[in-house]
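So this block is work.csv, CSV, C-alpha atoms:
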chain,number,residue,atom,x,y,z
A,11,MET,CA,105.3,110.4,109.4
A,12,THR,CA,108.3,109.0,111.3
A,13,ALA,CA,108.8,105.4,112.3
A,14,ASN,CA,108.7,106.3,116.0
A,15,ALA,CA,105.4,108.0,115.6
A,16,VAL,CA,103.7,104.7,114.8
A,17,LEU,CA,106.1,102.2,116.2
A,18,SER,CA,103.5,100.4,118.4
A,19,PRO,CA,99.9,101.4,118.5
A,20,ILE,CA,99.2,98.4,120.8
A,21,PRO,CA,99.9,98.4,124.6
A,22,THR,CA,102.2,95.7,125.9
A,23,PRO,CA,100.0,93.0,127.4
A,24,PRO,CA,100.3,92.0,131.1
A,25,HIS,CA,103.0,89.4,131.8
A,26,ARG,CA,101.9,85.8,131.3
A,27,GLU,CA,103.9,82.6,131.3
A,28,PRO,CA,104.3,81.2,127.7
A,29,PRO,CA,103.5,77.6,127.0
A,30,PRO,CA,106.2,75.1,128.2
A,31,GLY,CA,109.0,74.6,125.6
A,32,VAL,CA,108.9,78.1,124.2
A,33,THR,CA,109.7,80.0,127.4
A,34,ALA,CA,113.4,80.4,126.7
A,35,MET,CA,112.8,81.4,123.0
A,36,VAL,CA,110.2,84.0,123.9
A,37,ARG,CA,112.4,85.5,126.6
A,38,MET,CA,115.5,85.7,124.4
A,39,ILE,CA,113.5,87.3,121.5
A,40,ARG,CA,111.9,89.9,123.7
A,41,GLU,CA,115.1,90.8,125.6
A,42,SER,CA,117.1,91.2,122.5
A,43,PHE,CA,114.4,93.2,120.8
A,44,ALA,CA,114.2,95.5,123.8
A,45,VAL,CA,117.9,96.4,123.1
A,46,VAL,CA,117.2,96.9,119.4
A,47,GLU,CA,113.9,98.9,119.6
A,48,PRO,CA,115.5,102.3,120.5
A,49,HIS,CA,117.4,102.1,117.2
A,50,ALA,CA,114.2,101.2,115.3
A,51,GLU,CA,114.7,103.5,112.3
A,52,GLU,CA,118.3,102.5,111.8
A,53,VAL,CA,117.3,98.8,112.0
A,54,ALA,CA,114.7,99.3,109.3
A,55,LYS,CA,117.1,101.1,107.0
A,56,PHE,CA,119.7,98.4,107.5
A,57,PHE,CA,117.1,95.6,106.9
A,58,TYR,CA,116.0,97.0,103.5
A,59,GLY,CA,119.5,97.8,102.4
A,60,MET,CA,120.5,94.2,103.1
A,61,LEU,CA,117.3,92.8,101.5
A,62,PHE,CA,117.8,94.7,98.3
A,63,SER,CA,121.5,93.7,98.2
A,64,LEU,CA,120.6,90.0,98.7
A,65,SER,CA,117.6,90.0,96.3
A,66,PRO,CA,117.7,93.1,94.0
A,67,ALA,CA,114.5,92.0,92.3
A,68,THR,CA,112.6,92.8,95.5
A,69,ARG,CA,113.3,96.5,95.1
A,70,GLU,CA,110.7,96.7,92.4
A,71,MET,CA,108.0,95.7,94.9
A,72,PHE,CA,108.4,98.9,96.9
A,73,PRO,CA,107.9,102.6,96.3
A,74,ALA,CA,110.8,105.0,95.7
A,75,ASN,CA,110.1,106.7,99.1
A,76,MET,CA,110.6,104.0,101.8
A,77,GLU,CA,109.7,106.0,104.9
A,78,VAL,CA,106.2,104.6,105.5
A,79,GLN,CA,107.3,101.2,104.4
A,80,ARG,CA,110.0,101.2,107.1
A,81,SER,CA,107.5,102.3,109.8
A,82,ARG,CA,105.2,99.5,108.7
A,83,LEU,CA,107.9,96.9,109.1
A,84,LEU,CA,108.6,98.1,112.6
A,85,ARG,CA,104.9,98.0,113.5
A,86,ALA,CA,104.7,94.5,112.2
A,87,LEU,CA,107.8,93.4,114.2
A,88,VAL,CA,106.5,94.9,117.4
A,89,HIS,CA,103.2,93.2,116.9
A,90,VAL,CA,104.8,89.8,116.2
A,91,VAL,CA,107.1,90.1,119.2
A,92,GLN,CA,104.2,91.0,121.5
A,93,MET,CA,102.2,87.9,120.2
A,94,VAL,CA,105.1,85.4,120.0
A,95,ASP,CA,103.7,83.5,123.0
A,96,ARG,CA,100.1,83.8,121.7
A,97,PRO,CA,100.0,81.5,118.7
A,98,ASP,CA,96.2,81.5,118.5
A,99,ASP,CA,96.4,85.2,117.7
A,100,LEU,CA,99.8,85.3,115.8
A,101,ILE,CA,99.2,82.5,113.3
A,102,PRO,CA,96.0,83.9,111.8
A,103,PHE,CA,97.7,87.3,111.5
A,104,LEU,CA,100.7,85.7,109.7
A,105,ARG,CA,98.4,83.8,107.4
A,106,GLN,CA,96.7,87.0,106.4
A,107,LEU,CA,100.0,88.6,105.8
A,108,GLY,CA,101.1,85.7,103.6
A,109,ARG,CA,97.9,85.9,101.5
A,110,ASP,CA,98.3,89.7,101.3
A,111,HIS,CA,101.9,89.5,100.1
A,112,ARG,CA,100.8,87.6,97.0
A,113,LYS,CA,99.9,90.9,95.4
A,114,PHE,CA,103.7,91.8,95.3
A,115,GLY,CA,104.6,88.6,93.5
A,116,VAL,CA,106.4,87.2,96.5
A,117,ILE,CA,107.9,83.7,96.0
A,118,ASN,CA,109.6,81.3,98.4
A,119,VAL,CA,113.1,82.5,97.6
A,120,HIS,CA,112.2,86.0,98.8
A,121,TYR,CA,111.4,84.6,102.3
A,122,GLU,CA,115.0,83.3,102.6
A,123,ALA,CA,116.4,86.8,101.7
A,124,VAL,CA,114.0,88.4,104.2
A,125,GLY,CA,115.0,86.1,107.0
A,126,THR,CA,118.7,86.7,106.4
A,127,ALA,CA,118.2,90.4,106.3
A,128,LEU,CA,116.1,90.4,109.4
A,129,LEU,CA,118.5,88.4,111.5
A,130,SER,CA,121.4,90.5,110.2
A,131,ALA,CA,119.6,93.8,111.2
A,132,VAL,CA,118.7,92.6,114.7
A,133,LYS,CA,122.2,91.2,115.2
A,134,LYS,CA,123.9,94.5,114.2
A,135,PHE,CA,122.0,96.5,116.7
A,136,SER,CA,121.8,93.9,119.5
A,137,GLY,CA,125.5,94.3,120.5
A,138,ALA,CA,126.5,92.0,123.4
A,139,ALA,CA,122.9,90.8,123.7
A,140,TRP,CA,123.3,88.8,120.5
A,141,THR,CA,124.6,85.3,121.3
A,142,PRO,CA,124.4,81.9,119.5
A,143,LYS,CA,121.3,80.9,121.5
A,144,VAL,CA,119.6,84.2,120.7
A,145,GLU,CA,120.4,83.8,117.1
A,146,MET,CA,118.9,80.3,117.2
A,147,ALA,CA,115.8,81.6,118.9
A,148,TRP,CA,115.3,84.3,116.2
A,149,ALA,CA,116.0,81.8,113.4
A,150,GLU,CA,113.5,79.3,114.8
A,151,ALA,CA,110.8,82.0,115.3
A,152,TYR,CA,111.3,83.4,111.7
A,153,THR,CA,111.1,79.8,110.3
A,154,LEU,CA,107.8,79.3,111.9
A,155,MET,CA,106.5,82.7,110.8
A,156,ALA,CA,107.7,82.3,107.2
A,157,ARG,CA,106.2,78.8,107.0
A,158,ALA,CA,102.8,80.1,108.2
A,159,MET,CA,102.8,82.9,105.6
A,160,GLN,CA,104.0,80.6,102.7
A,161,GLU,CA,101.5,77.9,103.4
A,162,ALA,CA,98.6,80.4,103.5
A,163,ALA,CA,99.8,82.0,100.2
A,164,ASP,CA,100.2,78.6,98.5
A,165,ALA,CA,96.7,77.5,99.6
A,166,ASP,CA,94.9,80.6,98.4
A,167,ASN,CA,93.3,80.1,95.0
A,168,GLY,CA,91.7,83.5,94.9
A,169,PRO,CA,93.1,86.5,93.0
A,170,ALA,CA,96.2,88.2,94.4
A,171,TYR,CA,94.3,91.5,94.0
A,172,TRP,CA,91.2,93.0,92.4
A,173,HIS,CA,90.8,95.9,90.0
A,174,ALA,CA,88.1,98.4,91.1
A,175,THR,CA,86.6,101.4,89.3
A,176,VAL,CA,85.8,104.6,91.3
A,177,LEU,CA,82.1,105.3,90.9
A,178,ASP,CA,81.9,108.4,93.1
A,179,HIS,CA,84.2,110.7,95.1
A,180,GLN,CA,82.4,112.9,97.6
A,181,ARG,CA,84.3,115.5,99.5
A,182,VAL,CA,82.7,115.5,103.0
A,183,SER,CA,85.0,118.2,104.4
A,184,TRP,CA,88.4,119.7,103.5
A,185,ASP,CA,90.2,116.7,104.8
A,186,LEU,CA,87.7,113.8,104.4
A,187,ALA,CA,86.3,112.0,101.4
A,188,VAL,CA,83.9,109.1,100.8
A,189,VAL,CA,84.9,107.0,97.9
A,190,ARG,CA,82.7,104.3,96.3
A,191,LEU,CA,84.2,101.7,94.1
A,192,GLN,CA,82.9,98.8,91.9
A,193,PRO,CA,85.4,95.9,91.8
A,194,ASP,CA,85.6,93.8,88.7
A,195,HIS,CA,84.8,90.8,90.8
A,196,PRO,CA,83.3,90.7,94.4
A,197,VAL,CA,85.9,91.1,97.1
A,198,ASN,CA,85.3,88.4,99.7
A,199,TYR,CA,85.8,90.6,102.7
A,200,LYS,CA,83.8,90.3,106.0
A,201,ALA,CA,82.3,93.3,107.7
A,202,GLY,CA,85.0,94.8,110.0
A,203,GLN,CA,88.0,93.7,107.9
A,204,TYR,CA,90.4,96.0,106.1
A,205,VAL,CA,92.1,95.8,102.7
A,206,SER,CA,95.2,97.3,101.1
A,207,VAL,CA,94.7,99.6,98.1
A,208,GLU,CA,96.9,101.1,95.4
A,209,THR,CA,95.7,104.2,93.5
A,210,PRO,CA,96.9,105.3,90.1
A,211,GLN,CA,98.2,108.6,91.6
A,212,ARG,CA,100.5,106.7,94.0
A,213,LYS,CA,101.9,103.6,92.3
A,214,ARG,CA,103.3,100.9,94.6
A,215,LEU,CA,102.2,102.9,97.7
A,216,TRP,CA,99.8,100.3,99.1
A,217,ARG,CA,97.8,101.6,102.1
A,218,TYR,CA,95.2,99.9,104.4
A,219,PHE,CA,91.6,101.1,104.5
A,220,SER,CA,88.5,99.6,106.0
A,221,PRO,CA,85.3,99.2,103.9
A,222,ALA,CA,82.5,101.2,105.6
A,223,ASN,CA,79.7,98.9,104.4
A,224,ALA,CA,78.9,95.2,104.7
A,225,PRO,CA,79.4,93.1,101.5
A,226,ARG,CA,76.7,93.9,99.0
A,227,GLU,CA,75.2,91.8,96.2
A,228,ASP,CA,76.4,94.4,93.6
A,229,GLY,CA,79.9,94.3,95.2
A,230,VAL,CA,80.2,98.0,95.7
A,231,ILE,CA,82.7,99.1,98.4
A,232,GLU,CA,82.6,102.4,100.3
A,233,PHE,CA,85.7,103.9,102.0
A,234,HIS,CA,85.9,106.8,104.4
A,235,ILE,CA,89.4,108.4,103.9
A,236,ARG,CA,90.8,111.3,105.9
A,237,SER,CA,93.9,113.2,104.8
A,238,VAL,CA,96.6,112.8,107.4
A,239,ASP,CA,99.8,114.7,107.9
A,240,GLY,CA,102.5,113.1,105.8
A,241,GLY,CA,100.0,110.8,104.2
A,242,TRP,CA,101.0,110.6,100.6
A,243,VAL,CA,98.1,108.3,99.7
A,244,SER,CA,95.3,109.7,101.9
A,245,ARG,CA,96.0,113.3,100.8
A,246,SER,CA,96.0,112.2,97.2
A,247,VAL,CA,92.8,110.3,97.5
A,248,VAL,CA,91.0,113.2,99.2
A,249,GLY,CA,92.3,115.8,96.8
A,250,HIS,CA,92.7,114.1,93.5
A,251,THR,CA,90.7,110.9,93.1
A,252,GLN,CA,88.2,111.1,90.3
A,253,ALA,CA,85.3,108.9,89.0
A,254,GLY,CA,86.7,106.4,86.5
A,255,ASP,CA,90.0,105.9,88.3
A,256,THR,CA,91.1,102.3,88.6
A,257,TRP,CA,92.4,101.1,92.0
A,258,ARG,CA,93.9,97.7,93.0
A,259,ILE,CA,92.5,96.1,96.1
A,260,GLY,CA,94.4,93.4,98.1
A,261,PRO,CA,93.1,90.5,100.0
A,262,PRO,CA,91.0,91.2,103.2
A,263,MET,CA,92.7,91.2,106.6
A,264,GLY,CA,91.8,91.9,110.2
A,265,ARG,CA,89.9,90.3,113.0
A,266,LEU,CA,87.3,92.9,114.0
A,267,SER,CA,84.0,91.0,113.8
A,268,VAL,CA,80.9,90.1,115.8
A,269,ASP,CA,79.5,86.6,116.3
A,270,ARG,CA,75.8,87.2,116.5
A,271,THR,CA,75.2,83.6,117.8
A,272,ALA,CA,77.6,83.9,120.7
A,273,GLY,CA,75.1,85.5,123.1
A,274,THR,CA,77.6,88.2,124.1
A,275,ASP,CA,76.9,91.9,124.0
A,276,ILE,CA,79.3,94.2,122.2
A,277,LEU,CA,81.2,97.4,123.0
A,278,MET,CA,82.6,99.4,120.1
A,279,VAL,CA,85.1,102.3,120.5
A,280,ALA,CA,85.8,104.3,117.4
A,281,GLY,CA,87.9,107.4,116.8
A,282,GLY,CA,87.5,109.4,113.5
A,283,THR,CA,87.5,107.3,110.4
A,284,GLY,CA,88.0,104.3,112.7
A,285,VAL,CA,84.2,104.2,112.7
A,286,ALA,CA,84.2,102.7,109.2
A,287,PRO,CA,84.7,99.1,110.1
A,288,MET,CA,82.2,99.6,113.0
A,289,HIS,CA,79.6,101.0,110.5
A,290,ALA,CA,80.2,98.0,108.2
A,291,ILE,CA,79.5,95.6,111.1
A,292,ILE,CA,76.4,97.5,112.2
A,293,ASP,CA,75.3,97.7,108.5
A,294,GLU,CA,75.4,93.9,108.4
A,295,MET,CA,73.7,93.4,111.8
A,296,ALA,CA,70.9,95.7,110.8
A,297,GLN,CA,69.8,93.1,108.2
A,298,TYR,CA,68.7,90.8,111.0
A,299,GLY,CA,65.8,91.2,113.4
A,300,GLU,CA,67.6,90.0,116.6
A,301,ASN,CA,71.1,91.0,117.6
A,302,PRO,CA,73.3,91.3,120.7
A,303,ARG,CA,73.3,94.8,122.3
A,304,VAL,CA,75.8,97.1,120.8
A,305,HIS,CA,77.1,100.2,122.6
A,306,LEU,CA,79.2,102.4,120.3
A,307,PHE,CA,81.3,105.3,121.6
A,308,TYR,CA,82.2,107.5,118.6
A,309,GLY,CA,84.8,110.1,119.3
A,310,GLY,CA,86.6,113.1,117.8
A,311,ARG,CA,88.1,116.4,118.7
A,312,THR,CA,85.2,118.6,117.3
A,313,ARG,CA,81.7,117.9,116.0
A,314,GLU,CA,82.9,118.0,112.4
A,315,ASP,CA,85.1,115.0,113.1
A,316,LEU,CA,81.9,112.9,113.8
A,317,TYR,CA,81.0,113.0,110.1
A,318,ASP,CA,79.0,109.7,110.3
A,319,LEU,CA,77.1,110.4,113.5
A,320,ASP,CA,73.8,111.3,111.8
A,321,ASN,CA,73.8,108.1,109.8
A,322,LEU,CA,74.5,106.0,112.8
A,323,GLN,CA,71.8,107.7,114.9
A,324,ARG,CA,69.3,107.0,112.1
A,325,ILE,CA,70.2,103.3,112.2
A,326,ALA,CA,69.8,103.4,116.0
A,327,THR,CA,66.3,104.8,115.8
A,328,THR,CA,65.0,101.7,114.1
A,329,ASN,CA,67.3,99.2,115.8
A,330,PRO,CA,66.8,99.2,119.6
A,331,TRP,CA,69.9,97.0,120.1
A,332,LEU,CA,72.2,99.8,119.1
A,333,THR,CA,73.2,102.7,121.3
A,334,VAL,CA,75.4,105.5,119.9
A,335,VAL,CA,77.3,107.8,122.3
A,336,PRO,CA,79.1,110.7,120.7
A,337,VAL,CA,82.3,111.9,122.4
A,338,LEU,CA,84.2,115.2,121.9
A,339,GLU,CA,87.6,116.2,123.3
A,340,SER,CA,87.8,119.9,122.3
A,341,ASP,CA,84.3,121.2,121.6
A,342,PRO,CA,82.6,122.0,125.0
A,343,GLY,CA,79.8,124.0,123.5
A,344,VAL,CA,78.1,121.1,121.8
A,345,ARG,CA,75.1,119.6,123.6
A,346,GLY,CA,74.1,116.0,123.8
A,347,VAL,CA,77.6,114.6,123.7
A,348,GLU,CA,80.1,113.2,126.3
A,349,GLN,CA,83.1,115.5,126.9
A,350,GLY,CA,86.6,114.1,127.2
A,351,SER,CA,88.8,111.5,125.4
A,352,LEU,CA,87.5,108.2,124.4
A,353,ALA,CA,89.7,106.5,127.1
A,354,ASP,CA,88.2,108.8,129.7
A,355,VAL,CA,84.6,108.4,128.7
A,356,VAL,CA,84.6,104.6,128.1
A,357,THR,CA,86.2,103.8,131.4
A,358,ARG,CA,83.9,106.3,133.1
A,359,TYR,CA,81.1,103.9,132.3
A,360,GLY,CA,82.8,100.9,133.9
A,361,ALA,CA,85.1,98.0,133.0
A,362,TRP,CA,82.8,96.4,130.4
A,363,GLU,CA,84.0,93.0,131.5
A,364,ASP,CA,81.0,91.2,130.2
A,365,ARG,CA,81.3,92.6,126.7
A,366,ASP,CA,83.4,91.7,123.6
A,367,VAL,CA,85.3,95.0,122.8
A,368,LEU,CA,86.2,96.3,119.4
A,369,VAL,CA,88.6,99.3,119.1
A,370,CYS,CA,89.6,101.2,116.0
A,371,GLY,CA,91.2,104.6,115.4
A,372,SER,CA,94.6,106.1,115.4
A,373,PRO,CA,97.6,104.3,117.0
A,374,ALA,CA,97.6,106.8,119.9
A,375,MET,CA,93.9,106.4,120.4
A,376,ILE,CA,94.1,102.6,120.5
A,377,ARG,CA,97.0,102.6,122.9
A,378,SER,CA,95.4,105.0,125.4
A,379,THR,CA,92.0,103.5,125.2
A,380,VAL,CA,93.1,99.8,125.5
A,381,SER,CA,95.6,100.7,128.3
A,382,ARG,CA,93.0,102.5,130.3
A,383,MET,CA,90.5,99.7,129.8
A,384,LEU,CA,93.0,97.1,131.0
A,385,VAL,CA,93.6,99.2,134.2
A,386,ALA,CA,89.9,99.5,134.7
A,387,GLY,CA,89.5,95.7,134.7
A,388,THR,CA,88.6,94.8,131.1
A,389,PRO,CA,90.0,91.4,130.3
A,390,LEU,CA,92.7,91.5,127.5
A,391,ASP,CA,91.2,88.5,125.8
A,392,ARG,CA,87.9,90.4,125.4
A,393,ILE,CA,89.5,93.2,123.4
A,394,LYS,CA,90.1,93.1,119.6
A,395,TYR,CA,92.1,95.6,117.6
A,396,ASP,CA,94.1,95.5,114.4
A,397,PRO,CA,97.8,96.5,114.2
A,398,PHE,CA,97.5,98.5,110.9
A,399,THR,CA,95.2,101.4,111.6
A,400,LEU,CA,96.9,104.4,110.2
A,401,ASP,CA,99.3,105.1,107.4

Write-out of the structure in structure tokens:
Amino acid sequence: MTANAVLSPIPTPPHREPPPGVTAMVRMIRESFAVVEPHAEEVAKFFYGMLFSLSPATREMFPANMEVQRSRLLRALVHVVQMVDRPDDLIPFLRQLGRDHRKFGVINVHYEAVGTALLSAVKKFSGAAWTPKVEMAWAEAYTLMARAMQEAADADNGPAYWHATVLDHQRVSWDLAVVRLQPDHPVNYKAGQYVSVETPQRKRLWRYFSPANAPREDGVIEFHIRSVDGGWVSRSVVGHTQAGDTWRIGPPMGRLSVDRTAGTDILMVAGGTGVAPMHAIIDEMAQYGENPRVHLFYGGRTREDLYDLDNLQRIATTNPWLTVVPVLESDPGVRGVEQGSLADVVTRYGAWEDRDVLVCGSPAMIRSTVSRMLVAGTPLDRIKYDPFTLD
């Protein structure tokens, strides 16, 4: 997978005036990044080369093959630049990253090296757009970001990661597996969040996966993992994971959640294995007698892609607050489903302006669906999605 393929799964939000005092900084960061973005892959290569030169010890934190790591850096940069004037969204994201980076053994001196390497990379590819004022804007922004990450890491008294033993590996199809694990201690995730995992077959290749079940008393976690093109970890998990393997699981991240007490109904839009966090949330809600209404659009190319449909429909039969709508793009012979892309079908039903919206799937699916919903009139602040959805 190339960096460009996953550079930004999130649509650029409509223009809004940032708070007073940060307008100039936001403008300079975005304008200079717009110059750099076409050279994204070169920027990432230069950044990591500079980082490993400044702090050789950091090289041991990363895998030998850096291709996916570079694309992940770019995705995080795009996400930060998009949210730089939205601190209520950005700061929680950075705090989660700070806690997550504890698993690498990151210490404060590493943040200094990262900041120097980042500014050097942006400067190199900004050309004439790089001025002393632009440099100051980037330096101030990075200082704020690093501080949020460091403070969160320092305040976290929990483990940097958990060990978990594979209990069961079920091959659902040629490219999909359900894996159940027993952590050595309960992982304190919330339904809808995702975690990073490292498998014994792919050391130091951490990947993000979403638990498909709500937290249980016995601590067991279930993952739905599809093999993707170029996915070193996902293909290994589907093809080679065995019962008894020991994984490492990083701290929970993400903001997909439902507030049952808010009195607001929910729209869920899930593509492929993006249904896993939705299933976890529904699994948790099903423990209660009363819930807000949930309308789930579950999409794929063919009927085989909707591997979890029967389970969800069984839940819906005993929970009248849940409606499940299957959507297929390339299987016109199947009855009882909506035909078309998720973006087409969801907006065909309306703007959903009175609902809280959760979206999960591939970067392309998130981009197209959220973009179409914004055009249809769905308020941006009603829509939740996570930046790391596919590796």

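When only C-alpha atoms are used to measure the gap to Thr379 (chain A), the shortest distance among A:Asp354, A:Glu232, A:Glu150, A:Glu51 belongs to A:Asp354.
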
* Asked: For Val268 (chain A), which residue among A:Thr141, A:Gln203, A:Thr327, A:Asn223 is the nearest when counting only C-alpha atoms?
  -> A:Gln203

* Could you state the separation of CA of Tyr308 (chain A) and CA of Ile231 (chain A) in Å, given to one decimal place? -> 21.9 Å

* Which residues, written as a PyMOL selection string, have at least one atom at most 8 Å from Pro73 (chain A), with all atoms listed in the file counted and residues fewer than 4 positions away on the same chain left out? -> chain A and resi 213-215

Same residues, C-alpha atoms, output as a PDB file, in the frame of the given file:
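Dumped everything to selection_29.pdb:
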ATOM      1  CA  LYS A 213     101.900 103.600  92.300  1.00  0.00           C
ATOM      2  CA  ARG A 214     103.300 100.900  94.600  1.00  0.00           C
ATOM      3  CA  LEU A 215     102.200 102.900  97.700  1.00  0.00           C
TER       4      LEU A 215
END

* Which is closest to Gln323 (chain A) among A:His195, A:His49, A:Lys143, A:His289, if we use all atoms listed in the file? -> A:His289

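Atom pair CA of Ala290 (chain A) / CA of Gly202 (chain A) has a distance of 6.0 Å (rounded to one decimal).
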
* For Ser267 (chain A), the nearest of the candidates A:Tyr204, A:Tyr359, A:Phe135, A:Phe56, counting all atoms listed in the file -> A:Tyr204

* To do: Name the residues, using the chain letters and numbers of the file, that sit within 12 Å of (81.8, 101.5, 130.5) when counting all atoms listed in the file, and give them as a PyMOL selection string.
  => chain A and resi 276-279+305-307+335+352-365+367+379+382-383+386-388

* What lies within 9 Å of Tyr317 (chain A) using all atoms listed in the file, ignoring chain neighbours under 5 positions off, as a PyMOL selection string? -> chain A and resi 182-183+186+282-283

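Between CA of Met263 (chain A) and CA of Pro221 (chain A) there is a distance of 11.2 Å.
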
List every residue of region 229-275 of chain A that has an atom at most 12 Å from any atom of region 101-110 of chain A, and for each one report the closest atom pair and its distance in Å to one decimal, counting only C-alpha atoms, with rows sorted by chain and then by increasing residue number, as CSV.
residue,atom,partner,partner_atom,distance
A:Ile259,CA,A:Asp110,CA,10.1
A:Gly260,CA,A:Asp110,CA,6.3
A:Pro261,CA,A:Asp110,CA,5.4
A:Pro262,CA,A:Asp110,CA,7.7
A:Met263,CA,A:Gln106,CA,5.8
A:Gly264,CA,A:Phe103,CA,7.6
A:Arg265,CA,A:Phe103,CA,8.5

* To do: Using all atoms listed in the file, find all polymer residues with an atom at most 12 Å away from the point (81.1, 112.8, 98.8); report them as an NGL selection string.
  => :A and (177-190 or 232-235 or 248-249 or 251-253 or 317)

Once you have the residues from the selection above, write them out as a tab-separated table (two decimals), in the coordinates of the input, restricted to C-alpha atoms.
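Output below, filename again_34.tsv:
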chain	number	residue	atom	x	y	z
A	177	LEU	CA	82.10	105.30	90.90
A	178	ASP	CA	81.90	108.40	93.10
A	179	HIS	CA	84.20	110.70	95.10
A	180	GLN	CA	82.40	112.90	97.60
A	181	ARG	CA	84.30	115.50	99.50
A	182	VAL	CA	82.70	115.50	103.00
A	183	SER	CA	85.00	118.20	104.40
A	184	TRP	CA	88.40	119.70	103.50
A	185	ASP	CA	90.20	116.70	104.80
A	186	LEU	CA	87.70	113.80	104.40
A	187	ALA	CA	86.30	112.00	101.40
A	188	VAL	CA	83.90	109.10	100.80
A	189	VAL	CA	84.90	107.00	97.90
A	190	ARG	CA	82.70	104.30	96.30
A	232	GLU	CA	82.60	102.40	100.30
A	233	PHE	CA	85.70	103.90	102.00
A	234	HIS	CA	85.90	106.80	104.40
A	235	ILE	CA	89.40	108.40	103.90
A	248	VAL	CA	91.00	113.20	99.20
A	249	GLY	CA	92.30	115.80	96.80
A	251	THR	CA	90.70	110.90	93.10
A	252	GLN	CA	88.20	111.10	90.30
A	253	ALA	CA	85.30	108.90	89.00
A	317	TYR	CA	81.00	113.00	110.10

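Of the residues listed (A:Ala86, A:Val132, A:Val205, A:Leu191), A:Val205 shows the shortest atom-to-atom separation from Arg217 (chain A); distances use all atoms listed in the file.
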
* Find the spatial neighbours of Ala224 (chain A), counting all atoms listed in the file, within a cut-off of 6 Å - ignore same-chain residues fewer than 2 positions away - and output them as a ChimeraX atom specification. => /A:201,290,293-294

* **Which residue of A:Arg37, A:Lys200, A:Arg392, A:Arg112 approaches Tyr171 (chain A) most closely, using all atoms listed in the file** => A:Arg112

* Test item: residues at most 12 Å from Pro302 (chain A), all atoms listed in the file, excluding those fewer than 3 positions along its chain, as a list in words -> Val268, Asp269, Arg270, Thr271, Ala272, Gly273, Thr274, Asp275, Ile276, Leu277, Ile292, Met295, Ala296, Tyr298, Gly299, His305, Asn329, Pro330, Trp331, Leu332, Thr333, Arg365 and Asp366 of chain A
